[in-house]
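Colleague: Take this structure first; my questions come after.
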Amino acid sequence: MADGPTDFLSQLTSPDHTLDVRPRTEPAIVLLSRACDADLDAVEGLLAGVGIRTARLNADELADTCLTVDPHRRAARLHGRWLTPTVTWIRHFAPAAIEGPGDPARIAFLRESWQAAAASLAGVSRTSLLASAPGPLAQLEFARGHGVAVPRTMVTTDPYRAFAEFGCRRLVVKAAHRHFVESEPGRLRGVFPVVVEQHTLSTGVGPPVIVQEYVEHETELRVYYVAGQLHAFRIDKGSAAALWLAPDTVGVSAVTPPPSVAAAATRLAAAMSLRYGAFDFLLRAGTPVFLEVNPDGDWRWAERKSHTTPVTAAVAAMLAALHRDAPDRQGCVQ
């Protein structure tokens with residue numbers, strides 16, 4: 001394993017690698033994601049329109065990318081220019097999306113190194129937004145502890161057992177980690193939620209999955225929390241996986257969140273220290289039932305279907321405010 005990383009590091013001693021001497025920097029928002037992140041494309045357009053610079057680092061476009069992070073000066077050189085990162089947002093910067101040549105050890109070293117570099121960028125930034133939140137079960141405990149209803153839930157390798165545990169007719173089975181598996185860069189396979197009944201599910205041991213009681217409900221809501229603002233959409237779909245497998249059949253409409261949902265989302269965002277989060281709620285007899293929150297959940301799909309852009313505008317405004325409030329933004333390091 002040592003050969004790959006050692007050979008790679010030895011390349012950095014080449015005299016062709018020169019350093020700039022105390023160059024002038026410029027304040028910028030740094031966005032780490034993937035090339036297909038249309039959400040950030042739209043946000044960057046709005047920020048450019050008000051004269052705020054952004055720098056983008058995509059996990060699937062790192063070949064020949066030059067990066068230097070100077071923690072002493074709290075500066076970074078990216079794509080040939082020195083920056084003072086005012087805000088760094090790490091969204092879909094997934095290790096599995098990072099391509100590289102060589103044996104598995106060399107590729108693993110490359111991926112881990114870029115993940116460390118992303119953390120370093122966040123570390124020198126005046127403000128950092130990380131795509132992190134408690135795990136699914138911990139989220140439900142947060143909600144329960146703050147007086148928000150949740151479905152009965154377990155993680156198990158045998159979903160059939162949950163029928164006896166919960167005493168219900170239908171269950172929702174979903175991935176314990178992420179909905180997508182990236183076996184190689186750019187090749188995503190979905191592992192989507194399914195609603196099952198007892199007679200359709202066989203016994204047997206498999207990978208750990210999340211199993212929840214199916215909650216009868218009148219409405220499903222996606223609520224985006226953006227720095228204290230809430231933007232809600234009603235979701236009408238025929239199956240749990242329709243968002244991914246049959247998106248044309250999904251109806252989306254912008255709505256005003258009921259006060260109970262707004263209070264629950266705001267309370268949970270504060271409890272989890274989130275500046276941004278995509279919340280999923282069900283309304284059962286007018287009572288919100290919390291399902292989960294995604295700290296990097298996409299929003300452009302909901303805006304396109306509802307012919308609105310409130311989340312894009314709110315995210316751009318949030319980043320602009322954090323950028324303008326950053327200390328030393330005007331006096332860049334020299």
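Chain lettering (A, B, ...) mirrors the order of the structure tokens, residue numbering begins at 1 for each chain separately, and ligand numbering begins at 1 in order of display.
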Counting only C-alpha atoms, which residues in region 56-123 of chain A sit no more than 12 Å from region 256-279 of chain A? For each one, give the nearest pair of atoms and the distance in Å, sorted by chain then residue number, as a tab-separated table.
Modeller:
```
residue	atom	partner	partner_atom	distance
A:Trp89	CA	A:Tyr276	CA	10.5
A:Ile90	CA	A:Tyr276	CA	11.8
A:Arg91	CA	A:Tyr276	CA	10.8
```
Colleague: Take the residues that were just selected and, keeping N, CA, C and O atoms, output them as a tab-separated table (two decimals), in the first residue's frame.
Modeller:
```
chain	number	residue	atom	x	y	z
A	89	TRP	N	-19.17	25.76	1.61
A	89	TRP	CA	-20.31	24.85	1.74
A	89	TRP	C	-19.94	23.53	1.07
A	89	TRP	O	-19.71	23.47	-0.14
A	90	ILE	N	-19.91	22.47	1.87
A	90	ILE	CA	-19.63	21.13	1.35
A	90	ILE	C	-20.95	20.39	1.23
A	90	ILE	O	-21.61	20.09	2.22
A	91	ARG	N	-21.36	20.09	-0.02
A	91	ARG	CA	-22.65	19.43	-0.25
A	91	ARG	C	-22.45	17.99	-0.73
A	91	ARG	O	-22.31	17.08	0.06
```
Colleague: Within 12 Å of Arg324 (chain A), counting only C-alpha atoms, which residues qualify if same-chain residues fewer than 5 places away don't, as a count of residues only?
Modeller: 18
Colleague: What's around region 172-186 of chain A at 6 Å? Count only C-alpha atoms, leave out sequence neighbours fewer than 6 positions away in its own chain, and write the answer as a PyMOL selection string.
Modeller: chain A and resi 96-97+192-195+209-212+214
Colleague: Emit the selected residues as a PDB file, in the first residue's frame, including C-alpha atoms.
Modeller:
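Listing of part_2.pdb after writing:
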```pdb
ATOM      1  CA  ALA A  96     -16.885   7.656  -4.322  1.00  0.00           C
ATOM      2  CA  ALA A  97     -17.199  10.260  -7.103  1.00  0.00           C
ATOM      3  CA  PHE A 192     -35.200   3.456  -2.628  1.00  0.00           C
ATOM      4  CA  PRO A 193     -37.921   3.227   0.052  1.00  0.00           C
ATOM      5  CA  VAL A 194     -40.688   0.690  -0.445  1.00  0.00           C
ATOM      6  CA  VAL A 195     -44.034   0.188   1.280  1.00  0.00           C
ATOM      7  CA  VAL A 209     -32.259  -1.418   6.886  1.00  0.00           C
ATOM      8  CA  ILE A 210     -34.541   1.120   8.508  1.00  0.00           C
ATOM      9  CA  VAL A 211     -38.074  -0.173   9.047  1.00  0.00           C
ATOM     10  CA  GLN A 212     -40.921   2.141  10.064  1.00  0.00           C
ATOM     11  CA  TYR A 214     -46.572   3.123   7.679  1.00  0.00           C
TER      12      TYR A 214
END
```
Colleague: Please provide as a VMD selection string all residues within 7 Å of region 135-150 of chain A, with the sequence filter that same-chain residues fewer than 2 positions apart are discarded (counting only C-alpha atoms).
Modeller: chain A and resid 133 152 264 268 288 to 292
Colleague: From the DSSP assignment of the backbone, select every residue of region 117-179 of chain A that is strand (DSSP E), and format the answer as a count of residues only.
Modeller: 14
Colleague: What's the 12 Å shell around region 239-254 of chain A, counting only C-alpha atoms, without same-chain residues fewer than 4 positions away, as a PDB file with N, CA and C atoms, in the first residue's frame?
Modeller:
```pdb
ATOM      1  N   LEU A 171     -45.523  -1.582   6.287  1.00  0.00           N
ATOM      2  CA  LEU A 171     -44.250  -1.039   6.748  1.00  0.00           C
ATOM      3  C   LEU A 171     -43.584  -0.269   5.624  1.00  0.00           C
ATOM      4  N   VAL A 172     -42.736   0.679   6.009  1.00  0.00           N
ATOM      5  CA  VAL A 172     -41.849   1.358   5.068  1.00  0.00           C
ATOM      6  C   VAL A 172     -40.437   0.857   5.337  1.00  0.00           C
ATOM      7  N   VAL A 173     -39.801   0.347   4.292  1.00  0.00           N
ATOM      8  CA  VAL A 173     -38.427  -0.157   4.408  1.00  0.00           C
ATOM      9  C   VAL A 173     -37.534   0.733   3.565  1.00  0.00           C
ATOM     10  N   LYS A 174     -36.461   1.253   4.170  1.00  0.00           N
ATOM     11  CA  LYS A 174     -35.566   2.147   3.433  1.00  0.00           C
ATOM     12  C   LYS A 174     -34.126   1.952   3.888  1.00  0.00           C
ATOM     13  N   ALA A 175     -33.210   2.500   3.101  1.00  0.00           N
ATOM     14  CA  ALA A 175     -31.783   2.323   3.361  1.00  0.00           C
ATOM     15  C   ALA A 175     -31.404   2.908   4.713  1.00  0.00           C
ATOM     16  N   HIS A 179     -29.594   6.704  -0.129  1.00  0.00           N
ATOM     17  CA  HIS A 179     -30.461   6.105  -1.145  1.00  0.00           C
ATOM     18  C   HIS A 179     -29.688   5.653  -2.381  1.00  0.00           C
ATOM     19  N   PHE A 180     -28.430   6.087  -2.521  1.00  0.00           N
ATOM     20  CA  PHE A 180     -27.657   5.748  -3.712  1.00  0.00           C
ATOM     21  C   PHE A 180     -26.365   5.049  -3.320  1.00  0.00           C
ATOM     22  N   ARG A 189     -26.488   3.658  -8.289  1.00  0.00           N
ATOM     23  CA  ARG A 189     -27.611   2.723  -8.243  1.00  0.00           C
ATOM     24  C   ARG A 189     -28.460   3.084  -7.037  1.00  0.00           C
ATOM     25  N   GLY A 190     -29.755   3.147  -7.262  1.00  0.00           N
ATOM     26  CA  GLY A 190     -30.648   3.573  -6.200  1.00  0.00           C
ATOM     27  C   GLY A 190     -31.126   2.427  -5.328  1.00  0.00           C
ATOM     28  N   VAL A 191     -31.228   2.698  -4.041  1.00  0.00           N
ATOM     29  CA  VAL A 191     -31.836   1.777  -3.077  1.00  0.00           C
ATOM     30  C   VAL A 191     -32.944   2.580  -2.406  1.00  0.00           C
ATOM     31  N   PHE A 192     -34.146   2.515  -2.986  1.00  0.00           N
ATOM     32  CA  PHE A 192     -35.200   3.456  -2.628  1.00  0.00           C
ATOM     33  C   PHE A 192     -36.209   2.851  -1.646  1.00  0.00           C
ATOM     34  N   PRO A 193     -36.926   3.720  -0.907  1.00  0.00           N
ATOM     35  CA  PRO A 193     -37.921   3.227   0.052  1.00  0.00           C
ATOM     36  C   PRO A 193     -39.033   2.442  -0.650  1.00  0.00           C
ATOM     37  N   VAL A 194     -39.543   1.456   0.056  1.00  0.00           N
ATOM     38  CA  VAL A 194     -40.688   0.690  -0.445  1.00  0.00           C
ATOM     39  C   VAL A 194     -41.690   0.522   0.695  1.00  0.00           C
ATOM     40  N   VAL A 195     -42.970   0.497   0.334  1.00  0.00           N
ATOM     41  CA  VAL A 195     -44.034   0.188   1.280  1.00  0.00           C
ATOM     42  C   VAL A 195     -44.415  -1.275   1.065  1.00  0.00           C
ATOM     43  N   VAL A 196     -44.385  -2.071   2.132  1.00  0.00           N
ATOM     44  CA  VAL A 196     -44.627  -3.508   1.994  1.00  0.00           C
ATOM     45  C   VAL A 196     -45.733  -3.938   2.958  1.00  0.00           C
ATOM     46  N   TYR A 214     -45.985   2.238   8.681  1.00  0.00           N
ATOM     47  CA  TYR A 214     -46.572   3.123   7.679  1.00  0.00           C
ATOM     48  C   TYR A 214     -47.579   4.034   8.370  1.00  0.00           C
ATOM     49  N   THR A 219     -51.450  14.477   3.999  1.00  0.00           N
ATOM     50  CA  THR A 219     -50.542  15.328   3.216  1.00  0.00           C
ATOM     51  C   THR A 219     -49.096  14.958   3.499  1.00  0.00           C
ATOM     52  N   GLU A 220     -48.277  15.008   2.458  1.00  0.00           N
ATOM     53  CA  GLU A 220     -46.818  14.891   2.615  1.00  0.00           C
ATOM     54  C   GLU A 220     -46.207  16.237   2.261  1.00  0.00           C
ATOM     55  N   LEU A 221     -45.316  16.726   3.104  1.00  0.00           N
ATOM     56  CA  LEU A 221     -44.697  18.028   2.914  1.00  0.00           C
ATOM     57  C   LEU A 221     -43.176  17.920   2.877  1.00  0.00           C
ATOM     58  N   ARG A 222     -42.568  18.613   1.947  1.00  0.00           N
ATOM     59  CA  ARG A 222     -41.120  18.853   1.965  1.00  0.00           C
ATOM     60  C   ARG A 222     -40.941  20.318   2.379  1.00  0.00           C
ATOM     61  N   VAL A 223     -40.224  20.536   3.463  1.00  0.00           N
ATOM     62  CA  VAL A 223     -40.037  21.875   4.020  1.00  0.00           C
ATOM     63  C   VAL A 223     -38.544  22.190   4.037  1.00  0.00           C
ATOM     64  N   TYR A 224     -38.175  23.261   3.360  1.00  0.00           N
ATOM     65  CA  TYR A 224     -36.779  23.688   3.325  1.00  0.00           C
ATOM     66  C   TYR A 224     -36.560  24.782   4.359  1.00  0.00           C
ATOM     67  N   LEU A 230     -38.605  29.451   6.008  1.00  0.00           N
ATOM     68  CA  LEU A 230     -39.193  28.169   5.661  1.00  0.00           C
ATOM     69  C   LEU A 230     -39.907  28.276   4.317  1.00  0.00           C
ATOM     70  N   HIS A 231     -39.678  27.296   3.466  1.00  0.00           N
ATOM     71  CA  HIS A 231     -40.354  27.224   2.172  1.00  0.00           C
ATOM     72  C   HIS A 231     -40.856  25.791   2.011  1.00  0.00           C
ATOM     73  N   ALA A 232     -42.168  25.649   1.878  1.00  0.00           N
ATOM     74  CA  ALA A 232     -42.787  24.329   1.902  1.00  0.00           C
ATOM     75  C   ALA A 232     -43.419  23.973   0.561  1.00  0.00           C
ATOM     76  N   PHE A 233     -43.437  22.663   0.284  1.00  0.00           N
ATOM     77  CA  PHE A 233     -44.050  22.135  -0.928  1.00  0.00           C
ATOM     78  C   PHE A 233     -44.871  20.904  -0.558  1.00  0.00           C
ATOM     79  N   ARG A 234     -46.067  20.841  -1.105  1.00  0.00           N
ATOM     80  CA  ARG A 234     -46.885  19.638  -0.954  1.00  0.00           C
ATOM     81  C   ARG A 234     -46.479  18.648  -2.034  1.00  0.00           C
ATOM     82  N   ILE A 235     -46.267  17.390  -1.630  1.00  0.00           N
ATOM     83  CA  ILE A 235     -45.830  16.351  -2.551  1.00  0.00           C
ATOM     84  C   ILE A 235     -46.956  15.337  -2.718  1.00  0.00           C
ATOM     85  N   ASP A 298     -31.638  18.291  -2.161  1.00  0.00           N
ATOM     86  CA  ASP A 298     -31.832  19.112  -3.362  1.00  0.00           C
ATOM     87  C   ASP A 298     -33.199  19.799  -3.327  1.00  0.00           C
ATOM     88  N   TRP A 299     -33.262  20.937  -4.027  1.00  0.00           N
ATOM     89  CA  TRP A 299     -34.522  21.697  -4.044  1.00  0.00           C
ATOM     90  C   TRP A 299     -34.987  22.102  -5.441  1.00  0.00           C
ATOM     91  N   ARG A 300     -34.095  22.094  -6.432  1.00  0.00           N
ATOM     92  CA  ARG A 300     -34.482  22.579  -7.760  1.00  0.00           C
ATOM     93  C   ARG A 300     -35.589  21.732  -8.371  1.00  0.00           C
ATOM     94  N   TRP A 301     -35.633  20.435  -8.061  1.00  0.00           N
ATOM     95  CA  TRP A 301     -36.691  19.581  -8.616  1.00  0.00           C
ATOM     96  C   TRP A 301     -38.060  20.071  -8.154  1.00  0.00           C
ATOM     97  N   ALA A 302     -38.164  20.473  -6.893  1.00  0.00           N
ATOM     98  CA  ALA A 302     -39.447  20.967  -6.370  1.00  0.00           C
ATOM     99  C   ALA A 302     -39.788  22.324  -6.974  1.00  0.00           C
ATOM    100  N   GLU A 303     -38.780  23.168  -7.157  1.00  0.00           N
ATOM    101  CA  GLU A 303     -39.029  24.478  -7.764  1.00  0.00           C
ATOM    102  C   GLU A 303     -39.470  24.332  -9.215  1.00  0.00           C
ATOM    103  N   ARG A 304     -38.829  23.449  -9.959  1.00  0.00           N
ATOM    104  CA  ARG A 304     -39.205  23.271 -11.371  1.00  0.00           C
ATOM    105  C   ARG A 304     -40.644  22.801 -11.489  1.00  0.00           C
ATOM    106  N   LYS A 305     -41.013  21.846 -10.667  1.00  0.00           N
ATOM    107  CA  LYS A 305     -42.367  21.306 -10.759  1.00  0.00           C
ATOM    108  C   LYS A 305     -43.420  22.301 -10.297  1.00  0.00           C
ATOM    109  N   SER A 306     -43.056  23.182  -9.382  1.00  0.00           N
ATOM    110  CA  SER A 306     -44.016  24.165  -8.871  1.00  0.00           C
ATOM    111  C   SER A 306     -43.895  25.519  -9.555  1.00  0.00           C
ATOM    112  N   HIS A 307     -42.929  25.637 -10.484  1.00  0.00           N
ATOM    113  CA  HIS A 307     -42.705  26.880 -11.232  1.00  0.00           C
ATOM    114  C   HIS A 307     -42.434  28.057 -10.281  1.00  0.00           C
ATOM    115  N   THR A 308     -41.615  27.785  -9.271  1.00  0.00           N
ATOM    116  CA  THR A 308     -41.221  28.815  -8.309  1.00  0.00           C
ATOM    117  C   THR A 308     -39.716  28.710  -8.063  1.00  0.00           C
ATOM    118  N   THR A 309     -39.143  29.717  -7.418  1.00  0.00           N
ATOM    119  CA  THR A 309     -37.706  29.666  -7.095  1.00  0.00           C
ATOM    120  C   THR A 309     -37.405  30.219  -5.693  1.00  0.00           C
ATOM    121  N   PRO A 310     -38.244  29.992  -4.695  1.00  0.00           N
ATOM    122  CA  PRO A 310     -37.997  30.627  -3.403  1.00  0.00           C
ATOM    123  C   PRO A 310     -36.776  30.086  -2.674  1.00  0.00           C
ATOM    124  N   VAL A 311     -36.477  28.792  -2.824  1.00  0.00           N
ATOM    125  CA  VAL A 311     -35.356  28.215  -2.087  1.00  0.00           C
ATOM    126  C   VAL A 311     -34.031  28.685  -2.682  1.00  0.00           C
TER     127      VAL A 311
END
```
Colleague: Show which residues sit within 10 Å of His217 (chain A), as a PyMOL selection string. Count only C-alpha atoms, and ignore same-chain residues fewer than 6 positions away.
Modeller: chain A and resi 281-289
Colleague: List the neighbours of region 62-65 of chain A out to 9 Å using only C-alpha atoms; skip same-chain residues closer than 6 positions along the sequence, and give me the result as an MDAnalysis selection string.
Modeller: chainID A and resid 78:79 98:100 114
Colleague: Nearest residue to Gln229 (chain A) out of A:Cys168, A:Gly206, A:Val315, A:Glu216, using only C-alpha atoms?
Modeller: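 Distance minimum relative to Gln229 (chain A) lands on A:Val315.
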Colleague: Out of A:Arg169, A:Lys237, A:Arg161, A:His92, which residue has the shortest atom-to-atom distance to Asp296 (chain A) when counting only C-alpha atoms?
Modeller: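 The closest residue to Asp296 (chain A) is A:His92.
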Colleague: Quick one, how far is CA of Tyr225 (chain A) from CA of Arg74 (chain A)?
Modeller: 29.4 Å
Colleague: Please give the complete set of residues from region 17-141 of chain A that DSSP, run on the backbone, assigns to helix (DSSP H, G or I), formatted as a PyMOL selection string.
Modeller: chain A and resi 38-49+95-97+104-124+136-141
